[in-house]
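K.L.:
This is the content of upload_31.txt (compact mmCIF, C-alpha atoms):
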```
# COMPACT_ATOMS: atom_id res chain seq x y z
CA MET U 3 40.92 -18.72 18.81
CA LYS U 4 37.18 -19.01 19.14
CA GLY U 5 35.41 -17.34 22.04
CA SER U 6 33.09 -19.09 24.41
CA ALA U 7 29.52 -19.88 23.41
CA LYS U 8 28.35 -17.12 25.72
CA GLU U 9 30.66 -14.58 24.07
CA GLN U 10 29.53 -15.65 20.58
CA GLN U 11 25.90 -15.30 21.60
CA LYS U 12 26.61 -11.83 22.98
CA PHE U 13 28.34 -10.84 19.72
CA SER U 14 25.51 -12.19 17.54
CA ALA U 15 23.03 -10.08 19.46
CA PHE U 16 24.75 -6.96 18.13
CA ALA U 17 25.43 -8.27 14.63
CA PRO U 18 23.20 -6.88 11.85
CA ASP U 19 20.24 -9.06 10.94
CA LYS U 20 20.65 -9.74 7.22
CA THR U 21 17.11 -11.12 6.97
CA SER U 22 15.40 -7.98 8.32
CA ALA U 23 13.36 -5.95 5.87
CA SER U 24 15.25 -2.75 6.69
CA ASN U 25 18.59 -4.33 5.76
CA LEU U 26 17.22 -5.99 2.63
CA ALA U 27 15.60 -2.74 1.48
CA ALA U 28 18.62 -0.55 2.25
CA GLY U 29 20.20 1.08 -0.78
CA ARG U 30 17.46 0.01 -3.19
CA SER U 31 16.39 2.93 -5.36
CA SER U 32 13.90 1.34 -7.74
CA LEU U 33 10.72 -0.69 -7.43
CA ILE U 34 12.31 -3.48 -9.47
CA SER U 35 15.25 -3.84 -7.10
CA LEU U 36 12.95 -3.62 -4.07
CA ARG U 37 10.68 -6.33 -5.47
CA ARG U 38 13.64 -8.63 -6.07
CA ALA U 39 14.99 -8.08 -2.57
CA ALA U 40 11.57 -8.56 -0.96
CA ALA U 41 11.28 -11.98 -2.59
CA GLY U 42 13.75 -13.30 -0.02
CA CYS U 43 12.34 -11.53 3.01
CA GLN U 44 12.15 -13.56 6.22
CA ALA U 45 11.67 -10.64 8.61
CA CYS U 46 8.77 -12.43 10.31
CA ASP U 47 7.46 -15.99 10.30
CA LEU U 48 4.71 -15.39 7.73
CA TRP U 49 6.98 -16.43 4.86
CA LYS U 50 7.04 -20.00 6.17
CA ASN U 51 3.42 -20.73 5.25
CA ALA U 52 3.08 -18.34 2.32
CA THR U 53 3.64 -19.30 -1.30
CA GLN U 54 5.67 -16.19 -2.06
CA THR U 55 6.16 -12.51 -1.32
CA VAL U 56 3.47 -10.34 -2.91
CA PHE U 57 4.99 -6.95 -3.63
CA GLY U 58 3.25 -3.81 -4.87
CA GLU U 59 2.31 -3.34 -8.50
CA GLY U 60 1.43 -0.51 -10.85
CA SER U 61 2.90 2.42 -12.69
CA PRO U 62 6.11 3.73 -11.07
CA LYS U 63 4.88 7.21 -12.01
CA ALA U 64 1.41 6.76 -10.54
CA MET U 65 0.02 9.76 -8.70
CA ILE U 66 -2.08 7.66 -6.33
CA MET U 67 -0.90 4.81 -4.11
CA PHE U 68 -3.43 2.51 -2.44
CA VAL U 69 -2.30 0.50 0.60
CA GLY U 70 -4.30 -2.51 1.76
CA GLU U 71 -3.78 -5.02 4.57
CA GLN U 72 -2.19 -8.16 3.13
CA PRO U 73 -2.44 -10.45 0.10
CA GLY U 74 -5.27 -12.97 0.12
CA ASP U 75 -5.47 -16.55 -1.11
CA ARG U 76 -5.48 -15.73 -4.83
CA GLU U 77 -2.84 -13.04 -4.48
CA ASP U 78 -0.58 -15.48 -2.64
CA LEU U 79 -0.87 -18.01 -5.45
CA ALA U 80 -0.55 -15.47 -8.27
CA GLY U 81 2.18 -13.37 -6.68
CA ARG U 82 0.27 -10.18 -7.52
CA PRO U 83 -1.73 -7.84 -5.27
CA PHE U 84 -5.46 -7.15 -5.57
CA VAL U 85 -6.32 -9.88 -8.08
CA GLY U 86 -8.96 -11.62 -5.97
CA PRO U 87 -12.64 -10.74 -5.41
CA ALA U 88 -11.80 -7.70 -3.25
CA GLY U 89 -9.37 -6.45 -5.87
CA ASN U 90 -11.99 -6.82 -8.59
CA LEU U 91 -14.45 -4.85 -6.49
CA LEU U 92 -11.86 -2.10 -6.02
CA GLY U 93 -11.41 -1.95 -9.79
CA GLU U 94 -15.16 -1.54 -10.29
CA ALA U 95 -15.34 1.21 -7.66
CA LEU U 96 -12.37 3.06 -9.16
CA LEU U 97 -13.96 3.10 -12.61
CA GLU U 98 -17.26 4.31 -11.15
CA ALA U 99 -15.38 7.08 -9.34
CA GLY U 100 -13.57 8.12 -12.51
CA ILE U 101 -10.11 6.76 -11.65
CA ASP U 102 -8.42 4.51 -14.20
CA PRO U 103 -6.99 1.47 -12.35
CA VAL U 104 -4.05 1.57 -14.80
CA ASP U 105 -2.97 4.92 -13.35
CA ILE U 106 -2.54 3.78 -9.74
CA TYR U 107 -0.09 1.76 -7.65
CA VAL U 108 -1.41 -0.86 -5.23
CA THR U 109 0.39 -2.55 -2.36
CA ASN U 110 -0.17 -3.95 1.11
CA ALA U 111 1.09 -3.22 4.60
CA VAL U 112 2.11 -6.89 4.88
CA LYS U 113 3.65 -8.69 1.91
CA HIS U 114 2.97 -12.32 2.90
CA PHE U 115 -0.36 -14.10 3.15
CA LYS U 116 -1.35 -14.96 6.71
CA ARG U 117 -4.01 -17.62 6.85
CA ALA U 118 -6.07 -19.33 9.48
CA PRO U 119 -5.87 -23.12 9.83
CA SER U 120 -8.53 -24.63 7.59
CA GLU U 121 -10.00 -28.00 6.83
CA ARG U 122 -8.60 -29.93 3.90
CA GLY U 123 -10.26 -28.90 0.65
CA LYS U 124 -11.56 -25.66 2.11
CA ARG U 125 -10.56 -22.27 0.70
CA ARG U 126 -7.72 -20.70 2.64
CA ILE U 127 -9.04 -17.83 4.78
CA HIS U 128 -6.83 -14.90 5.65
CA LYS U 129 -6.09 -14.02 9.26
CA LYS U 130 -5.45 -10.50 10.53
CA PRO U 131 -1.70 -9.90 10.95
CA ARG U 132 -0.26 -9.06 14.34
CA TYR U 133 1.23 -5.65 15.06
CA SER U 134 4.73 -7.19 15.20
CA GLU U 135 4.24 -8.65 11.72
CA ILE U 136 3.04 -5.32 10.37
CA GLN U 137 6.06 -3.57 11.87
CA ALA U 138 8.46 -6.20 10.52
CA CYS U 139 7.15 -5.47 7.03
CA ARG U 140 6.99 -1.70 7.42
CA PRO U 141 10.42 -1.01 5.83
CA TRP U 142 9.13 -2.36 2.51
CA LEU U 143 6.14 -0.02 2.59
CA ASP U 144 8.34 2.91 3.59
CA ALA U 145 10.69 2.08 0.70
CA GLU U 146 7.79 1.95 -1.77
CA ILE U 147 6.53 5.35 -0.61
CA ARG U 148 10.03 6.82 -0.69
CA THR U 149 10.65 5.49 -4.20
CA MET U 150 7.20 6.31 -5.59
CA ARG U 151 6.71 9.68 -3.85
CA PRO U 152 2.95 9.56 -4.54
CA GLN U 153 0.95 12.77 -4.50
CA VAL U 154 -2.00 10.92 -2.98
CA LEU U 155 -1.76 8.09 -0.46
CA VAL U 156 -4.91 6.09 0.35
CA CYS U 157 -5.11 3.63 3.25
CA LEU U 158 -7.66 0.87 2.72
CA GLY U 159 -8.87 -0.40 6.07
CA ALA U 160 -7.69 -0.21 9.67
CA THR U 161 -4.52 -2.29 9.31
CA ALA U 162 -3.04 -0.05 6.61
CA ALA U 163 -4.23 3.14 8.29
CA GLN U 164 -2.90 2.25 11.73
CA SER U 165 0.37 1.00 10.23
CA LEU U 166 1.01 4.38 8.61
CA LEU U 167 -0.98 6.83 10.74
CA GLY U 168 -0.74 5.36 14.23
CA LYS U 169 -2.57 2.78 16.32
CA ALA U 170 -5.10 5.35 17.56
CA PHE U 171 -6.33 6.18 14.06
CA SER U 172 -10.01 5.40 13.44
CA VAL U 173 -11.14 4.76 9.86
CA SER U 174 -14.82 4.91 10.82
CA ARG U 175 -14.42 8.43 12.23
CA GLN U 176 -12.00 9.84 9.66
CA ARG U 177 -12.79 8.06 6.41
CA GLY U 178 -12.82 10.28 3.34
CA GLN U 179 -11.16 13.17 5.16
CA ARG U 180 -7.81 14.65 4.20
CA ILE U 181 -5.23 13.76 6.85
CA GLN U 182 -2.18 15.86 7.55
CA SER U 183 0.86 13.62 7.20
CA PRO U 184 4.46 13.87 5.97
CA LEU U 185 3.89 10.70 3.93
CA ALA U 186 2.31 12.53 0.98
CA ALA U 187 0.73 15.83 0.03
CA TYR U 188 -2.72 14.24 0.29
CA VAL U 189 -3.44 11.33 2.60
CA PHE U 190 -6.84 9.65 2.94
CA ALA U 191 -8.25 6.56 4.59
CA THR U 192 -11.35 4.58 3.79
CA VAL U 193 -12.69 1.09 4.40
CA HIS U 194 -11.07 -1.96 2.89
CA GLN U 195 -13.20 -3.12 -0.01
CA SER U 196 -13.36 -6.65 1.41
CA SER U 197 -15.71 -5.33 4.10
CA ILE U 198 -18.26 -4.63 1.37
CA LEU U 199 -18.11 -8.25 0.26
CA ARG U 200 -18.95 -9.29 3.81
CA ALA U 201 -22.14 -7.19 3.92
CA PRO U 202 -25.04 -9.25 5.31
CA ASP U 203 -27.49 -8.54 2.48
CA PRO U 204 -27.69 -6.90 -0.98
CA ALA U 205 -29.13 -3.65 0.39
CA SER U 206 -26.28 -3.24 2.86
CA ARG U 207 -23.74 -4.10 0.21
CA LYS U 208 -25.19 -1.49 -2.15
CA ALA U 209 -25.12 1.21 0.54
CA GLN U 210 -21.56 0.37 1.54
CA MET U 211 -20.45 0.37 -2.09
CA GLN U 212 -22.00 3.80 -2.63
CA ALA U 213 -20.21 5.19 0.42
CA PHE U 214 -16.93 3.65 -0.78
CA VAL U 215 -17.32 5.13 -4.25
CA ALA U 216 -18.11 8.53 -2.67
CA ASP U 217 -14.76 8.38 -0.84
CA LEU U 218 -13.00 7.50 -4.10
CA LYS U 219 -14.74 10.34 -5.93
CA ALA U 220 -13.30 12.78 -3.40
CA ILE U 221 -9.87 11.35 -4.22
CA ALA U 222 -10.62 11.66 -7.94
CA ARG U 223 -11.41 15.35 -7.45
CA VAL U 224 -8.07 15.86 -5.70
CA ARG U 225 -6.34 14.12 -8.60
CA SER U 226 -8.09 16.44 -11.07
CA GLU U 227 -7.04 19.49 -9.06
CA ILE U 228 -3.42 18.33 -9.01
CA LEU U 229 -3.43 17.73 -12.77
CA LYS U 230 -5.05 21.11 -13.39
CA ALA U 231 -2.46 22.89 -11.25
CA ARG U 232 0.35 20.94 -12.91
CA ASN U 233 -0.87 21.78 -16.43
CA GLY U 234 -1.32 25.41 -15.45
CA SER U 235 2.21 25.55 -14.10
CA ARG U 236 3.57 24.13 -17.34
CA ALA U 237 1.61 26.66 -19.37
CA ASP U 238 2.94 29.51 -17.23
CA HIS U 239 6.46 28.17 -17.64
CA ARG U 240 6.12 28.04 -21.41
CA GLY U 241 4.69 31.55 -21.44
CA GLY U 242 7.55 32.82 -19.29
CA ASN U 243 10.08 31.58 -21.81
CA ARG U 244 8.62 33.59 -24.66
CA LEU U 245 10.61 36.60 -25.85
CA GLU U 246 8.76 39.82 -25.20
CA PRO U 247 9.06 42.63 -27.76
CA ALA U 248 11.63 45.26 -26.81
CA LEU U 249 10.26 48.57 -25.60
CA SER U 250 11.06 51.50 -27.89
```
Let me see whether you can do it: turn the structure in this file into structure tokens.
P.N.:
Amino acid sequence: MKGSAKEQQKFSAFAPDKTSASNLAAGRSSLISLRRAAAGCQACDLWKNATQTVFGEGSPKAMIMFVGEQPGDREDLAGRPFVGPAGNLLGEALLEAGIDPVDIYVTNAVKHFKRAPSERGKRRIHKKPRYSEIQACRPWLDAEIRTMRPQVLVCLGATAAQSLLGKAFSVSRQRGQRIQSPLAAYVFATVHQSSILRAPDPASRKAQMQAFVADLKAIARVRSEILKARNGSRADHRGGNRLEPALS
């Protein structure tokens, strides 16, 4: 016998939401399985106007994870993160800082493209996601961090930083500084590279690019220190396994 409409509504309020990111991400232990699950995410309304989910990309063994805001127009169409103008600029800055883009993992706080209404024929312009949309997508980012376990976590811009480090976090005050966080051994925040593209003139753009590269160079130094310590630990381990001559 079916219950009343009121009783069914009351029951549904306590039933698990199968479309939530936390439920879709639950039990997934690899980036491949997470990416497949995220393709069907409807945790917020952004999926309705987006072409597809844009999940993170890069080496599953990468030491450094970069987190941006959301995919842009080109990323939405390609289904890959950081392939537009801002992504190209990040690649240039990484190479200048001495970090091979192949050795990193890139993702976004929000996995669907949010765009502002535009005139027909105009390029689609992204719109800043709301806090509720960022929170709805947070389980995917948490799952990526949990699966990747990066040594270095870098937040690009205020949206990523405030998503992971709290709403009171200020990128302008704390950019380039090491931040104590349980998310990773080394956590940093810097500007989102798209802000450099919006510089009002070439001189400003050059200055902002130099400051951005300086932040990335600090991260490159941390990476070198981690590799040096790791190689030293391996050498010590090999040396400890050697048989020492018996004392007479």
K.L.:
Counting all atoms listed in the file, figure out which residue out of U:Ile66, U:Leu97, U:Ala138, U:Ile127 gets nearest to Asn25 (chain U).
P.N.:
U:Ala138
K.L.:
Find the residues near Leu48 (chain U): any atom within 8 Å, counting all atoms listed in the file, skip ones fewer than 5 places away on the same chain, and give them as a ChimeraX atom specification.
P.N.:
/U:114-116,135
K.L.:
Mind checking which residues fall within 10 Å of Ala23 (chain U), counting all atoms listed in the file, ignoring those fewer than 3 positions away in the same chain, and posting them as a list in words?
P.N.:
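The filter keeps Asp19, Lys20, Leu26, Ala27, Ala28, Ala39, Ala40, Gly42, Cys43, Gln44, Ala45, Cys46, Gln137, Ala138, Cys139, Arg140, Pro141, Trp142, Leu143 and Ala145 of chain U.
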K.L.:
Given all atoms listed in the file as the basis, pick out the residue of U:Gln153, U:Gln72, U:Gln54, U:Thr192 nearest to Phe171 (chain U).
P.N.:
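Among the listed residues, the smallest separation from Phe171 (chain U) belongs to U:Thr192.
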K.L.:
Which residues, protein or nucleic acid, reach to within 12 Å of (7.6, 0.5, -0.8) in the file's coordinates when using only C-alpha atoms, and can you give that as a PyMOL selection string?
P.N.:
chain U and resi 23-24+27-28+30-37+39-40+56-60+62+67-69+107-113+139-152+185
K.L.:
Go ahead and write the residues just picked, C-alpha atoms, as a PDB file, keeping the file's coordinate frame.
P.N.:
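Below you can see again_7.pdb, which holds the result:
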```pdb
ATOM      1  CA  ALA U  23      13.360  -5.950   5.870  1.00  0.00           C
ATOM      2  CA  SER U  24      15.250  -2.750   6.690  1.00  0.00           C
ATOM      3  CA  ALA U  27      15.600  -2.740   1.480  1.00  0.00           C
ATOM      4  CA  ALA U  28      18.620  -0.550   2.250  1.00  0.00           C
ATOM      5  CA  ARG U  30      17.460   0.010  -3.190  1.00  0.00           C
ATOM      6  CA  SER U  31      16.390   2.930  -5.360  1.00  0.00           C
ATOM      7  CA  SER U  32      13.900   1.340  -7.740  1.00  0.00           C
ATOM      8  CA  LEU U  33      10.720  -0.690  -7.430  1.00  0.00           C
ATOM      9  CA  ILE U  34      12.310  -3.480  -9.470  1.00  0.00           C
ATOM     10  CA  SER U  35      15.250  -3.840  -7.100  1.00  0.00           C
ATOM     11  CA  LEU U  36      12.950  -3.620  -4.070  1.00  0.00           C
ATOM     12  CA  ARG U  37      10.680  -6.330  -5.470  1.00  0.00           C
ATOM     13  CA  ALA U  39      14.990  -8.080  -2.570  1.00  0.00           C
ATOM     14  CA  ALA U  40      11.570  -8.560  -0.960  1.00  0.00           C
ATOM     15  CA  VAL U  56       3.470 -10.340  -2.910  1.00  0.00           C
ATOM     16  CA  PHE U  57       4.990  -6.950  -3.630  1.00  0.00           C
ATOM     17  CA  GLY U  58       3.250  -3.810  -4.870  1.00  0.00           C
ATOM     18  CA  GLU U  59       2.310  -3.340  -8.500  1.00  0.00           C
ATOM     19  CA  GLY U  60       1.430  -0.510 -10.850  1.00  0.00           C
ATOM     20  CA  PRO U  62       6.110   3.730 -11.070  1.00  0.00           C
ATOM     21  CA  MET U  67      -0.900   4.810  -4.110  1.00  0.00           C
ATOM     22  CA  PHE U  68      -3.430   2.510  -2.440  1.00  0.00           C
ATOM     23  CA  VAL U  69      -2.300   0.500   0.600  1.00  0.00           C
ATOM     24  CA  TYR U 107      -0.090   1.760  -7.650  1.00  0.00           C
ATOM     25  CA  VAL U 108      -1.410  -0.860  -5.230  1.00  0.00           C
ATOM     26  CA  THR U 109       0.390  -2.550  -2.360  1.00  0.00           C
ATOM     27  CA  ASN U 110      -0.170  -3.950   1.110  1.00  0.00           C
ATOM     28  CA  ALA U 111       1.090  -3.220   4.600  1.00  0.00           C
ATOM     29  CA  VAL U 112       2.110  -6.890   4.880  1.00  0.00           C
ATOM     30  CA  LYS U 113       3.650  -8.690   1.910  1.00  0.00           C
ATOM     31  CA  CYS U 139       7.150  -5.470   7.030  1.00  0.00           C
ATOM     32  CA  ARG U 140       6.990  -1.700   7.420  1.00  0.00           C
ATOM     33  CA  PRO U 141      10.420  -1.010   5.830  1.00  0.00           C
ATOM     34  CA  TRP U 142       9.130  -2.360   2.510  1.00  0.00           C
ATOM     35  CA  LEU U 143       6.140  -0.020   2.590  1.00  0.00           C
ATOM     36  CA  ASP U 144       8.340   2.910   3.590  1.00  0.00           C
ATOM     37  CA  ALA U 145      10.690   2.080   0.700  1.00  0.00           C
ATOM     38  CA  GLU U 146       7.790   1.950  -1.770  1.00  0.00           C
ATOM     39  CA  ILE U 147       6.530   5.350  -0.610  1.00  0.00           C
ATOM     40  CA  ARG U 148      10.030   6.820  -0.690  1.00  0.00           C
ATOM     41  CA  THR U 149      10.650   5.490  -4.200  1.00  0.00           C
ATOM     42  CA  MET U 150       7.200   6.310  -5.590  1.00  0.00           C
ATOM     43  CA  ARG U 151       6.710   9.680  -3.850  1.00  0.00           C
ATOM     44  CA  PRO U 152       2.950   9.560  -4.540  1.00  0.00           C
ATOM     45  CA  LEU U 185       3.890  10.700   3.930  1.00  0.00           C
TER      46      LEU U 185
END
```
K.L.:
Would you compute the distance between CA of Gly70 (chain U) and CA of Leu158 (chain U)? Give it in Å to one decimal.
P.N.:
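Result for CA of Gly70 (chain U) versus CA of Leu158 (chain U): 4.9 Å, one decimal.
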K.L.:
Can you build me a table of region 85-142 of chain U residues sitting at most 12 Å from region 215-226 of chain U, with the closest atom pair per residue and its distance in Å to one decimal, using all atoms listed in the file, sorted by chain and residue number, as a tab-separated table?
P.N.:
```
residue	atom	partner	partner_atom	distance
U:Leu91	CA	U:Val215	CA	10.6
U:Leu92	CA	U:Val215	CA	9.2
U:Gly93	CA	U:Val215	CA	10.8
U:Glu94	CA	U:Val215	CA	9.3
U:Ala95	CA	U:Val215	CA	5.6
U:Leu96	CA	U:Leu218	CA	6.8
U:Leu97	CA	U:Val215	CA	9.2
U:Glu98	CA	U:Val215	CA	6.9
U:Ala99	CA	U:Lys219	CA	4.8
U:Gly100	CA	U:Ala222	CA	6.5
U:Ile101	CA	U:Ala222	CA	6.2
U:Asp102	CA	U:Ala222	CA	9.8
U:Pro103	CA	U:Ala222	CA	11.7
U:Asp105	CA	U:Arg225	CA	10.9
U:Ile106	CA	U:Arg225	CA	11.1
```
K.L.:
One decimal, in Å: what's the spacing between CA of Cys157 (chain U) and CA of Gly178 (chain U)?
P.N.:
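So the answer is 10.2 Å.
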K.L.:
Arg180 (chain U): which residues within 8 Å, counting all atoms listed in the file, same-chain residues fewer than 6 positions away excluded, as a PyMOL selection string?
P.N.:
chain U and resi 188-190
K.L.:
Of the candidates U:Gln182, U:Pro131, U:Thr53, U:Ala160, which one gets nearest to Ala41 (chain U) if we count only C-alpha atoms?
P.N.:
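Closest to Ala41 (chain U) of all the choices is U:Thr53.
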K.L.:
For Ser172 (chain U), which residue among U:Val104, U:Met211, U:Val193, U:Ile228 is the nearest when counting only C-alpha atoms?
P.N.:
U:Val193
K.L.:
How many Å separate CA of Gly89 (chain U) from CA of Gln195 (chain U)?
P.N.:
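One can read the CA of Gly89 (chain U) to CA of Gln195 (chain U) distance as 7.8 Å.
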K.L.:
Quick one: residues within 8 Å of Phe84 (chain U), only C-alpha atoms, excluding same-chain residues fewer than 6 positions away - as a VMD selection string?
P.N.:
chain U and resid 73 77 90 108
K.L.:
Kindly compute an axis-aligned box around the listed atoms of region 147-152 of chain U, allowing 8 Å on each side, and express its centre and edge lengths in Å to one decimal as AutoDock Vina command-line options.
P.N.:
```
--center_x 6.8 --center_y 7.5 --center_z -3.1 --size_x 23.7 --size_y 20.3 --size_z 21.0
```
K.L.:
Which polymer residues have any atom within 12 Å of an atom of Arg200 (chain U), counting all atoms listed in the file, with same-chain residues fewer than 4 positions away left out, as a VMD selection string?
P.N.:
chain U and resid 87 to 88 194 to 196 204 206 to 208 210 to 211
K.L.:
Measuring atom to atom with all atoms listed in the file, identify which of U:Asn233, U:Asn51, U:Gln176, U:Ser134 is nearest to Ala118 (chain U).
P.N.:
U:Asn51
